[in-house]
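A.B. asks: For reference, this is model_30.cif, and it has mmCIF, C-alpha atoms (C1' of nucleotides).
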data_start
#
loop_
_atom_site.group_PDB
_atom_site.id
_atom_site.type_symbol
_atom_site.label_atom_id
_atom_site.label_comp_id
_atom_site.auth_asym_id
_atom_site.auth_seq_id
_atom_site.Cartn_x
_atom_site.Cartn_y
_atom_site.Cartn_z
ATOM 1 C CA MET A 1 7.300 -5.066 -181.559
ATOM 2 C CA PRO A 2 3.985 -3.543 -180.890
ATOM 3 C CA GLU A 3 1.659 -4.041 -178.013
ATOM 4 C CA LEU A 4 -1.016 -1.494 -177.147
ATOM 5 C CA PRO A 5 1.358 1.258 -175.920
ATOM 6 C CA GLU A 6 3.529 1.080 -179.025
ATOM 7 C CA VAL A 7 0.506 1.215 -181.292
ATOM 8 C CA GLU A 8 -0.962 4.118 -179.342
ATOM 9 C CA VAL A 9 2.310 6.030 -179.474
ATOM 10 C CA CYS A 10 2.469 5.315 -183.188
ATOM 11 C CA ARG A 11 -1.088 6.600 -183.563
ATOM 12 C CA GLN A 12 -0.274 9.797 -181.690
ATOM 13 C CA GLY A 13 2.785 10.235 -183.844
ATOM 14 C CA ILE A 14 1.186 9.794 -187.230
ATOM 15 C CA ALA A 15 -2.150 11.487 -186.515
ATOM 16 C CA PRO A 16 -0.968 15.099 -186.801
ATOM 17 C CA GLU A 17 0.784 14.324 -190.081
ATOM 18 C CA LEU A 18 -2.164 12.470 -191.540
ATOM 19 C CA LEU A 19 -5.286 14.311 -190.446
ATOM 20 C CA GLY A 20 -6.795 16.351 -193.229
ATOM 21 C CA ARG A 21 -4.164 15.246 -195.715
ATOM 22 C CA GLU A 22 -4.995 13.850 -199.115
ATOM 23 C CA ILE A 23 -3.825 10.437 -200.247
ATOM 24 C CA ILE A 24 -2.472 10.943 -203.746
ATOM 25 C CA ASP A 25 -1.321 7.390 -204.365
ATOM 26 C CA VAL A 26 -1.181 3.934 -202.818
ATOM 27 C CA VAL A 27 1.522 1.371 -203.540
ATOM 28 C CA ILE A 28 1.174 -2.323 -202.701
ATOM 29 C CA ARG A 29 4.458 -4.207 -203.112
ATOM 30 C CA VAL A 30 3.660 -7.440 -201.313
ATOM 31 C CA PRO A 31 0.203 -8.824 -201.988
ATOM 32 C CA ARG A 32 0.110 -11.041 -198.952
ATOM 33 C CA LEU A 33 0.634 -10.269 -195.278
ATOM 34 C CA ARG A 34 -1.258 -12.267 -192.633
ATOM 35 C CA GLN A 35 -4.020 -12.082 -195.191
ATOM 36 C CA PRO A 36 -4.075 -10.657 -198.710
ATOM 37 C CA VAL A 37 -3.807 -6.890 -198.967
ATOM 38 C CA PRO A 38 -7.009 -5.800 -200.749
ATOM 39 C CA PRO A 39 -5.931 -5.094 -204.357
ATOM 40 C CA GLU A 40 -8.645 -2.481 -204.718
ATOM 41 C CA LEU A 41 -7.059 -0.204 -202.080
ATOM 42 C CA PRO A 42 -5.424 2.175 -204.579
ATOM 43 C CA ALA A 43 -8.768 2.782 -206.256
ATOM 44 C CA LEU A 44 -10.550 3.153 -202.940
ATOM 45 C CA LEU A 45 -8.031 5.433 -201.258
ATOM 46 C CA THR A 46 -6.566 7.660 -203.941
ATOM 47 C CA GLY A 47 -8.120 11.093 -203.665
ATOM 48 C CA CYS A 48 -9.367 10.478 -200.138
ATOM 49 C CA VAL A 49 -8.575 12.662 -197.153
ATOM 50 C CA VAL A 50 -7.683 11.093 -193.824
ATOM 51 C CA ALA A 51 -10.521 12.154 -191.536
ATOM 52 C CA GLY A 52 -9.633 10.158 -188.441
ATOM 53 C CA VAL A 53 -6.778 8.189 -186.927
ATOM 54 C CA ARG A 54 -8.083 5.787 -184.313
ATOM 55 C CA ARG A 55 -6.873 2.748 -182.434
ATOM 56 C CA ARG A 56 -8.762 -0.377 -181.384
ATOM 57 C CA GLY A 57 -6.615 -2.860 -179.497
ATOM 58 C CA LYS A 58 -3.456 -3.217 -181.555
ATOM 59 C CA TYR A 59 -5.216 -2.113 -184.749
ATOM 60 C CA LEU A 60 -4.879 1.338 -186.262
ATOM 61 C CA LEU A 61 -7.970 2.650 -188.020
ATOM 62 C CA LEU A 62 -7.651 5.382 -190.636
ATOM 63 C CA ASP A 63 -10.977 6.915 -191.610
ATOM 64 C CA CYS A 64 -10.977 7.984 -195.217
ATOM 65 C CA ALA A 65 -13.327 10.512 -196.802
ATOM 66 C CA ARG A 66 -13.859 11.699 -200.355
ATOM 67 C CA LYS A 67 -15.333 15.158 -200.852
ATOM 68 C CA GLY A 68 -16.421 15.175 -197.244
ATOM 69 C CA VAL A 69 -18.158 11.819 -197.489
ATOM 70 C CA VAL A 70 -16.674 9.012 -195.395
ATOM 71 C CA GLN A 71 -15.833 6.062 -197.616
ATOM 72 C CA GLY A 72 -14.512 3.597 -195.086
ATOM 73 C CA CYS A 73 -11.696 2.657 -192.842
ATOM 74 C CA LEU A 74 -8.183 1.420 -193.544
ATOM 75 C CA ILE A 75 -7.330 -1.168 -190.893
ATOM 76 C CA LEU A 76 -3.643 -1.650 -190.066
ATOM 77 C CA HIS A 77 -1.989 -4.135 -187.724
ATOM 78 C CA LEU A 78 1.772 -4.193 -187.185
ATOM 79 C CA GLY A 79 1.996 -7.868 -186.258
ATOM 80 C CA MET A 80 5.192 -8.829 -184.477
ATOM 81 C CA SER A 81 7.691 -6.913 -186.536
ATOM 82 C CA GLY A 82 5.839 -4.170 -188.360
ATOM 83 C CA ASN A 83 6.459 -0.452 -188.279
ATOM 84 C CA LEU A 84 5.166 2.706 -189.872
ATOM 85 C CA ARG A 85 7.339 5.663 -190.675
ATOM 86 C CA PHE A 86 7.197 8.823 -192.706
ATOM 87 C CA VAL A 87 9.814 9.107 -195.418
ATOM 88 C CA PRO A 88 10.415 11.817 -198.013
ATOM 89 C CA GLN A 89 9.201 11.155 -201.504
ATOM 90 C CA GLY A 90 11.805 9.315 -203.537
ATOM 91 C CA THR A 91 13.222 7.406 -200.554
ATOM 92 C CA PRO A 92 14.592 4.102 -201.872
ATOM 93 C CA VAL A 93 12.486 1.076 -201.048
ATOM 94 C CA GLU A 94 14.042 -1.449 -198.698
ATOM 95 C CA LYS A 95 13.556 -5.164 -198.517
ATOM 96 C CA HIS A 96 10.472 -5.334 -196.314
ATOM 97 C CA ASP A 97 8.731 -2.124 -197.324
ATOM 98 C CA HIS A 98 5.386 -3.566 -198.339
ATOM 99 C CA PHE A 99 2.984 -0.677 -198.545
ATOM 100 C CA ASP A 100 3.017 3.095 -199.158
ATOM 101 C CA LEU A 101 0.386 5.684 -198.450
ATOM 102 C CA VAL A 102 1.621 8.542 -200.604
ATOM 103 C CA LEU A 103 0.740 12.047 -199.464
ATOM 104 C CA ALA A 104 1.834 15.330 -200.981
ATOM 105 C CA GLY A 105 5.491 15.653 -200.025
ATOM 106 C CA GLN A 106 5.887 12.547 -197.912
ATOM 107 C CA ILE A 107 5.047 8.887 -197.709
ATOM 108 C CA LEU A 108 3.703 6.812 -194.830
ATOM 109 C CA ARG A 109 5.612 3.579 -195.349
ATOM 110 C CA PHE A 110 4.674 0.217 -193.839
ATOM 111 C CA ALA A 111 7.458 -2.323 -193.341
ATOM 112 C CA ASP A 112 7.128 -5.764 -191.781
ATOM 113 C CA PRO A 113 9.856 -8.430 -192.116
ATOM 114 C CA ARG A 114 7.814 -11.289 -190.682
ATOM 115 C CA ARG A 115 4.627 -10.305 -192.494
ATOM 116 C CA PHE A 116 2.344 -11.057 -189.571
ATOM 117 C CA GLY A 117 0.814 -7.632 -190.011
ATOM 118 C CA VAL A 118 -2.545 -6.889 -191.592
ATOM 119 C CA ILE A 119 -3.854 -4.307 -194.032
ATOM 120 C CA ALA A 120 -7.605 -4.483 -194.505
ATOM 121 C CA TRP A 121 -10.517 -2.314 -195.514
ATOM 122 C CA GLN A 122 -13.961 -1.795 -194.044
ATOM 123 C CA ALA A 123 -16.354 0.252 -196.141
ATOM 124 C CA GLY A 124 -18.913 2.518 -194.540
ATOM 125 C CA LEU A 125 -19.125 5.000 -191.704
ATOM 126 C CA PRO A 126 -16.457 5.029 -188.972
ATOM 127 C CA GLU A 127 -18.805 3.050 -186.714
ATOM 128 C CA ALA A 128 -18.832 0.264 -189.293
ATOM 129 C CA ALA A 129 -15.200 -0.540 -188.531
ATOM 130 C CA ALA A 130 -16.418 -2.330 -185.409
ATOM 131 C CA LEU A 131 -18.239 -4.777 -187.684
ATOM 132 C CA HIS A 132 -15.112 -5.946 -189.464
ATOM 133 C CA PRO A 133 -14.375 -9.605 -188.627
ATOM 134 C CA LEU A 134 -10.957 -8.700 -187.192
ATOM 135 C CA ILE A 135 -12.404 -5.965 -184.990
ATOM 136 C CA SER A 136 -15.761 -7.384 -183.942
ATOM 137 C CA VAL A 137 -14.176 -10.204 -181.933
ATOM 138 C CA LEU A 138 -12.018 -7.884 -179.835
ATOM 139 C CA GLY A 139 -12.411 -7.589 -176.079
ATOM 140 C CA VAL A 140 -12.474 -4.607 -173.762
ATOM 141 C CA GLU A 141 -10.054 -1.689 -174.062
ATOM 142 C CA PRO A 142 -7.925 -1.806 -170.907
ATOM 143 C CA LEU A 143 -7.639 1.975 -170.730
ATOM 144 C CA SER A 144 -11.364 2.529 -171.114
ATOM 145 C CA GLU A 145 -13.976 2.842 -168.403
ATOM 146 C CA ALA A 146 -15.349 -0.532 -169.420
ATOM 147 C CA PHE A 147 -12.318 -2.247 -167.915
ATOM 148 C CA THR A 148 -13.635 -2.412 -164.357
ATOM 149 C CA VAL A 149 -12.921 -4.782 -161.503
ATOM 150 C CA ASP A 150 -16.497 -6.034 -161.613
ATOM 151 C CA TRP A 151 -16.271 -6.828 -165.291
ATOM 152 C CA PHE A 152 -12.823 -8.409 -165.087
ATOM 153 C CA HIS A 153 -13.605 -10.536 -162.051
ATOM 154 C CA GLN A 154 -16.721 -11.814 -163.752
ATOM 155 C CA ALA A 155 -14.880 -12.364 -167.051
ATOM 156 C CA ILE A 156 -12.184 -14.610 -165.598
ATOM 157 C CA PHE A 157 -14.434 -16.353 -163.097
ATOM 158 C CA ARG A 158 -14.764 -19.452 -165.264
ATOM 159 C CA ARG A 159 -11.233 -19.517 -166.593
ATOM 160 C CA SER A 160 -9.126 -22.177 -164.961
ATOM 161 C CA SER A 161 -5.988 -21.561 -167.032
ATOM 162 C CA PRO A 162 -3.069 -19.657 -165.622
ATOM 163 C CA ILE A 163 -3.781 -15.940 -165.498
ATOM 164 C CA LYS A 164 -0.963 -14.945 -167.840
ATOM 165 C CA PRO A 165 -2.314 -16.480 -171.061
ATOM 166 C CA VAL A 166 -5.809 -15.348 -170.018
ATOM 167 C CA LEU A 167 -4.552 -11.778 -169.693
ATOM 168 C CA MET A 168 -3.174 -12.043 -173.214
ATOM 169 C CA ASP A 169 -6.458 -13.289 -174.688
ATOM 170 C CA GLY A 170 -7.542 -10.470 -176.978
ATOM 171 C CA HIS A 171 -11.131 -11.646 -176.909
ATOM 172 C CA LEU A 172 -11.245 -10.623 -173.242
ATOM 173 C CA VAL A 173 -8.915 -7.638 -172.961
ATOM 174 C CA VAL A 174 -7.111 -6.176 -175.953
ATOM 175 C CA GLY A 175 -3.593 -4.888 -176.266
ATOM 176 C CA VAL A 176 -1.853 -6.759 -173.456
ATOM 177 C CA GLY A 177 0.884 -8.711 -175.203
ATOM 178 C CA ASN A 178 3.676 -10.902 -173.951
ATOM 179 C CA ILE A 179 5.781 -8.135 -172.425
ATOM 180 C CA TYR A 180 3.110 -6.182 -170.618
ATOM 181 C CA ALA A 181 1.372 -9.316 -169.370
ATOM 182 C CA SER A 182 4.532 -10.247 -167.470
ATOM 183 C CA GLU A 183 5.105 -6.675 -166.361
ATOM 184 C CA SER A 184 1.540 -6.156 -165.148
ATOM 185 C CA LEU A 185 1.553 -9.375 -163.147
ATOM 186 C CA PHE A 186 4.823 -8.397 -161.503
ATOM 187 C CA ARG A 187 3.386 -5.035 -160.608
ATOM 188 C CA ALA A 188 0.336 -6.719 -159.096
ATOM 189 C CA GLY A 189 2.393 -9.320 -157.244
ATOM 190 C CA ILE A 190 0.442 -12.135 -158.864
ATOM 191 C CA SER A 191 2.099 -15.293 -160.145
ATOM 192 C CA PRO A 192 1.622 -15.897 -163.878
ATOM 193 C CA LEU A 193 0.938 -19.524 -162.976
ATOM 194 C CA ARG A 194 -2.020 -18.792 -160.733
ATOM 195 C CA ALA A 195 -5.318 -20.074 -162.088
ATOM 196 C CA ALA A 196 -7.401 -17.098 -163.190
ATOM 197 C CA ASN A 197 -10.432 -18.198 -161.191
ATOM 198 C CA ARG A 198 -8.357 -18.479 -158.047
ATOM 199 C CA ILE A 199 -7.538 -14.809 -157.823
ATOM 200 C CA SER A 200 -9.425 -13.017 -155.084
ATOM 201 C CA ARG A 201 -11.519 -10.006 -155.912
ATOM 202 C CA VAL A 202 -9.162 -7.757 -154.038
ATOM 203 C CA ARG A 203 -6.215 -8.992 -156.061
ATOM 204 C CA CYS A 204 -8.294 -8.715 -159.237
ATOM 205 C CA GLU A 205 -8.623 -5.070 -158.438
ATOM 206 C CA LEU A 206 -4.867 -4.850 -158.024
ATOM 207 C CA LEU A 207 -4.396 -6.489 -161.386
ATOM 208 C CA VAL A 208 -6.800 -4.163 -163.171
ATOM 209 C CA THR A 209 -4.983 -1.208 -161.652
ATOM 210 C CA SER A 210 -1.608 -2.667 -162.583
ATOM 211 C CA VAL A 211 -2.535 -3.351 -166.201
ATOM 212 C CA ARG A 212 -3.751 0.216 -166.563
ATOM 213 C CA ALA A 213 -0.693 1.687 -164.886
ATOM 214 C CA THR A 214 1.763 -0.448 -166.839
ATOM 215 C CA LEU A 215 0.203 0.479 -170.171
ATOM 216 C CA SER A 216 -0.177 4.162 -169.270
ATOM 217 C CA ASP A 217 3.415 4.401 -168.089
ATOM 218 C CA ALA A 218 4.639 2.798 -171.295
ATOM 219 C CA ILE A 219 2.623 5.215 -173.399
ATOM 220 C CA ALA A 220 3.994 8.136 -171.415
ATOM 221 C CA ALA A 221 7.548 6.834 -171.800
ATOM 222 C CA GLY A 222 7.040 6.247 -175.513
ATOM 223 C CA GLY A 223 5.489 9.642 -175.965
ATOM 224 C CA SER A 224 8.729 11.336 -175.092
ATOM 225 C CA SER A 225 10.561 9.494 -177.853
ATOM 226 C CA ILE A 226 7.679 9.435 -180.261
ATOM 227 C CA ARG A 227 9.681 10.958 -183.090
ATOM 228 C CA ASP A 228 12.190 8.168 -182.996
ATOM 229 C CA TYR A 229 9.508 5.562 -183.077
ATOM 230 C CA VAL A 230 7.564 6.981 -185.938
ATOM 231 C CA HIS A 231 10.165 8.692 -188.028
ATOM 232 C CA SER A 232 13.198 6.470 -187.843
ATOM 233 C CA ASP A 233 13.566 2.763 -188.380
ATOM 234 C CA GLY A 234 10.942 1.907 -185.809
ATOM 235 C CA GLY A 235 13.317 0.057 -183.553
ATOM 236 C CA ALA A 236 11.523 1.457 -180.540
ATOM 237 C CA GLY A 237 13.952 0.111 -177.999
ATOM 238 C CA CYS A 238 12.839 2.737 -175.553
ATOM 239 C CA PHE A 239 9.920 0.682 -174.333
ATOM 240 C CA GLN A 240 11.896 -2.264 -173.099
ATOM 241 C CA ILE A 241 14.428 -0.351 -171.093
ATOM 242 C CA GLN A 242 12.140 -0.101 -168.087
ATOM 243 C CA ALA A 243 11.035 -3.732 -168.005
ATOM 244 C CA ALA A 244 11.090 -5.033 -164.436
ATOM 245 C CA VAL A 245 10.986 -8.708 -165.358
ATOM 246 C CA TYR A 246 10.695 -9.174 -169.126
ATOM 247 C CA ASP A 247 13.868 -10.573 -170.668
ATOM 248 C CA ARG A 248 15.617 -10.450 -167.277
ATOM 249 C CA ALA A 249 15.943 -14.176 -166.590
ATOM 250 C CA GLY A 250 18.531 -14.878 -163.918
ATOM 251 C CA GLU A 251 18.873 -11.221 -162.952
ATOM 252 C CA SER A 252 17.856 -9.989 -159.542
ATOM 253 C CA CYS A 253 14.374 -8.774 -158.748
ATOM 254 C CA LEU A 254 14.022 -5.025 -158.371
ATOM 255 C CA ARG A 255 11.953 -5.487 -155.229
ATOM 256 C CA CYS A 256 13.541 -8.350 -153.315
ATOM 257 C CA ASP A 257 16.555 -10.635 -153.299
ATOM 258 C CA GLY A 258 14.862 -13.112 -155.598
ATOM 259 C CA GLN A 259 16.005 -14.076 -159.059
ATOM 260 C CA ILE A 260 13.822 -13.514 -162.099
ATOM 261 C CA ARG A 261 12.690 -16.810 -163.543
ATOM 262 C CA GLN A 262 11.775 -17.612 -167.137
ATOM 263 C CA ILE A 263 9.173 -20.250 -167.939
ATOM 264 C CA ARG A 264 7.096 -21.190 -170.955
ATOM 265 C CA GLN A 265 3.316 -20.778 -171.018
ATOM 266 C CA ALA A 266 1.145 -21.538 -174.036
ATOM 267 C CA GLY A 267 4.242 -21.418 -176.190
ATOM 268 C CA ARG A 268 5.378 -17.994 -174.986
ATOM 269 C CA SER A 269 8.096 -16.927 -172.594
ATOM 270 C CA THR A 270 6.975 -15.672 -169.209
ATOM 271 C CA TYR A 271 9.184 -13.845 -166.722
ATOM 272 C CA TYR A 272 8.412 -13.416 -163.044
ATOM 273 C CA CYS A 273 9.796 -13.212 -159.544
ATOM 274 C CA PRO A 274 8.806 -16.348 -157.617
ATOM 275 C CA VAL A 275 9.269 -14.501 -154.324
ATOM 276 C CA CYS A 276 7.235 -11.349 -155.007
ATOM 277 C CA GLN A 277 4.568 -12.986 -157.106
ATOM 278 C CA ARG A 278 2.137 -15.447 -155.554
ATOM 279 C "C1'" DA B 1 -16.712 -23.224 -174.052
ATOM 280 C "C1'" DT B 2 -11.928 -23.606 -173.047
ATOM 281 C "C1'" DT B 3 -7.384 -24.837 -173.956
ATOM 282 C "C1'" DC B 4 -3.527 -26.566 -176.403
ATOM 283 C "C1'" DC B 5 -0.864 -26.751 -180.472
ATOM 284 C "C1'" DC B 6 0.316 -25.381 -185.008
ATOM 285 C "C1'" DT B 7 0.826 -22.013 -188.497
ATOM 286 C "C1'" DC B 8 2.008 -17.878 -191.158
ATOM 287 C "C1'" DC B 9 7.262 -15.332 -192.092
ATOM 288 C "C1'" DT B 10 12.240 -13.467 -191.576
ATOM 289 C "C1'" DG B 11 16.186 -12.349 -188.767
ATOM 290 C "C1'" DC B 12 19.241 -12.906 -185.095
ATOM 291 C "C1'" DG B 13 22.215 -14.870 -181.591
ATOM 292 C "C1'" DC B 14 23.960 -18.882 -179.860
ATOM 293 C "C1'" DG B 15 26.684 -23.265 -179.618
ATOM 294 C "C1'" DC B 16 29.297 -26.433 -182.149
ATOM 295 C "C1'" DT C 1 33.551 -18.774 -190.814
ATOM 296 C "C1'" DG C 2 29.717 -21.340 -191.449
ATOM 297 C "C1'" DC C 3 25.728 -23.891 -190.205
ATOM 298 C "C1'" DG C 4 21.748 -25.511 -187.761
ATOM 299 C "C1'" DC C 5 18.773 -24.570 -184.053
ATOM 300 C "C1'" DG C 6 15.666 -22.092 -181.196
ATOM 301 C "C1'" DC C 7 13.579 -18.054 -180.305
ATOM 302 C "C1'" DA C 8 11.262 -13.432 -181.223
ATOM 303 C "C1'" DG C 9 6.700 -8.053 -178.747
ATOM 304 C "C1'" DG C 10 0.574 -11.533 -182.715
ATOM 305 C "C1'" DA C 11 -3.333 -14.037 -183.410
ATOM 306 C "C1'" DG C 12 -6.475 -17.120 -186.128
ATOM 307 C "C1'" DG C 13 -7.832 -21.893 -186.781
ATOM 308 C "C1'" DG C 14 -8.406 -26.670 -185.868
ATOM 309 C "C1'" DA C 15 -8.578 -30.411 -182.661
ATOM 310 C "C1'" DA C 16 -9.340 -32.487 -178.206
#
For this file, write the structure as structure tokens.
C.D. replies:
Amino acid sequence: MPELPEVEVCRQGIAPELLGREIIDVVIRVPRLRQPVPPELPALLTGCVVAGVRRRGKYLLLDCARKGVVQGCLILHLGMSGNLRFVPQGTPVEKHDHFDLVLAGQILRFADPRRFGVIAWQAGLPEAAALHPLISVLGVEPLSEAFTVDWFHQAIFRRSSPIKPVLMDGHLVVGVGNIYASESLFRAGISPLRAANRISRVRCELLVTSVRATLSDAIAAGGSSIRDYVHSDGGAGCFQIQAAVYDRAGESCLRCDGQIRQIRQAGRSTYYCPVCQR
DNA sequence: ATTCCCTCCTGCGCGC
DNA sequence: TGCGCGCAGGAGGGAA
């Protein structure tokens, strides 16, 4: 489910409930997600206070402090099918509820049917999180000032693959997943098949702007239904409603008379309008 | 260095 | 109604 906007909305939703709160227990029910859940987490986290709720790419970073001293950072990734929600204490555990962060009065519960998610730990100051192997390889934040036309144009200059899989490469730009890659390219009027190094600088600028706008719009849209996303079953259907091309194969383009086409790129579905996007 | 393909898992909708 | 198949919003790793 989650690309950058969903994770950011999730972060905004859980932050107020978590900040300054003490973790009184930690429950690990499934030892293995994409990688093993560190078995020492209960010992590390119990008695800690959540001192920060950050996001890097699609990762959530929870800074944990004991008696005012930062101990380290709990790193969470929702994978394809993960979600976080607050439930009252005593709420029965369901099939894919793998991990609980127990606070006084409520529980932050992590569920993930496909188990592509990650729960990891990085000891040290908040800045040390950037050193974790999962985090250190990440590319530029698309909503940060570092995501400039100059940087992007230079970054894709040597890439001859189609722009769509390049846009999804988290080592370049983080957070742009399969949905928003298609949506951003539609917004920019660029074909997903176009070789990255054959996009003019002017159109690069359009793409940078489009990626930003697409992600920002999605965050804004998600923000209005944030409670549903965080507090209910995490279905989060609200994000897909506004898709211009994603999952609209055969339907008509919102901008012209063309028909949305679905193709396969690097093993993933791509949707685009062959008329609007060149 | 870049790119393609496979892999980890479960659930769902589809066609037969 | 049941079954097999393909596909699903992520991302690391190995091979070419």
A.B. asks: Give me, as JSON, numbers by chain, the contact residues of chain B against chain A at a cut-off of 12 Å, counting all atoms listed in the file.
C.D. replies: {"B": [1, 2, 3, 4, 5, 6, 7, 8, 9, 10, 11]}
A.B. asks: Sorted by chain and rising residue number, which residues of chain C lie within 10 Å of chain A, and what are their closest atom pairs and distances in Å to one decimal, counting only C-alpha atoms (C1' of nucleotides), as JSON lines?
C.D. replies:
{"residue": "C:DC7", "atom": "C1'", "partner": "A:Ser269", "partner_atom": "CA", "distance": 9.5}
{"residue": "C:DA8", "atom": "C1'", "partner": "A:Met80", "partner_atom": "CA", "distance": 8.3}
{"residue": "C:DG9", "atom": "C1'", "partner": "A:Met1", "partner_atom": "CA", "distance": 4.1}
{"residue": "C:DG10", "atom": "C1'", "partner": "A:Gly79", "partner_atom": "CA", "distance": 5.3}
{"residue": "C:DA11", "atom": "C1'", "partner": "A:Gly170", "partner_atom": "CA", "distance": 8.5}
{"residue": "C:DG12", "atom": "C1'", "partner": "A:Leu134", "partner_atom": "CA", "distance": 9.6}
A.B. asks: What does the distance between atom CA of A:Arg198 and atom CA of A:Val140 come to in Å, to one decimal place?
C.D. replies: 21.4 Å
A.B. asks: Residues picked by the PyMOL selection byres ((chain A and resi 14) around 9) here, as an NGL selection string?
C.D. replies: :A and (9-13 or 15-19 or 53 or 84-86 or 108 or 230)
A.B. asks: Rounded to one decimal place, report the atom CA of A:Arg194-atom CA of A:Ser210 distance in Å.
C.D. replies: 16.2 Å
A.B. asks: Could you tell me how far atom CA of A:Arg261 lies from atom CA of A:Val245, in Å and to one decimal?
C.D. replies: 8.5 Å
A.B. asks: Taking the file as shown, find all residues satisfying the PyMOL selection byres ((chain A and resi 106) around 9) and write them as a VMD selection string.
C.D. replies: chain A and resid 86 to 90 101 to 105 107 to 108
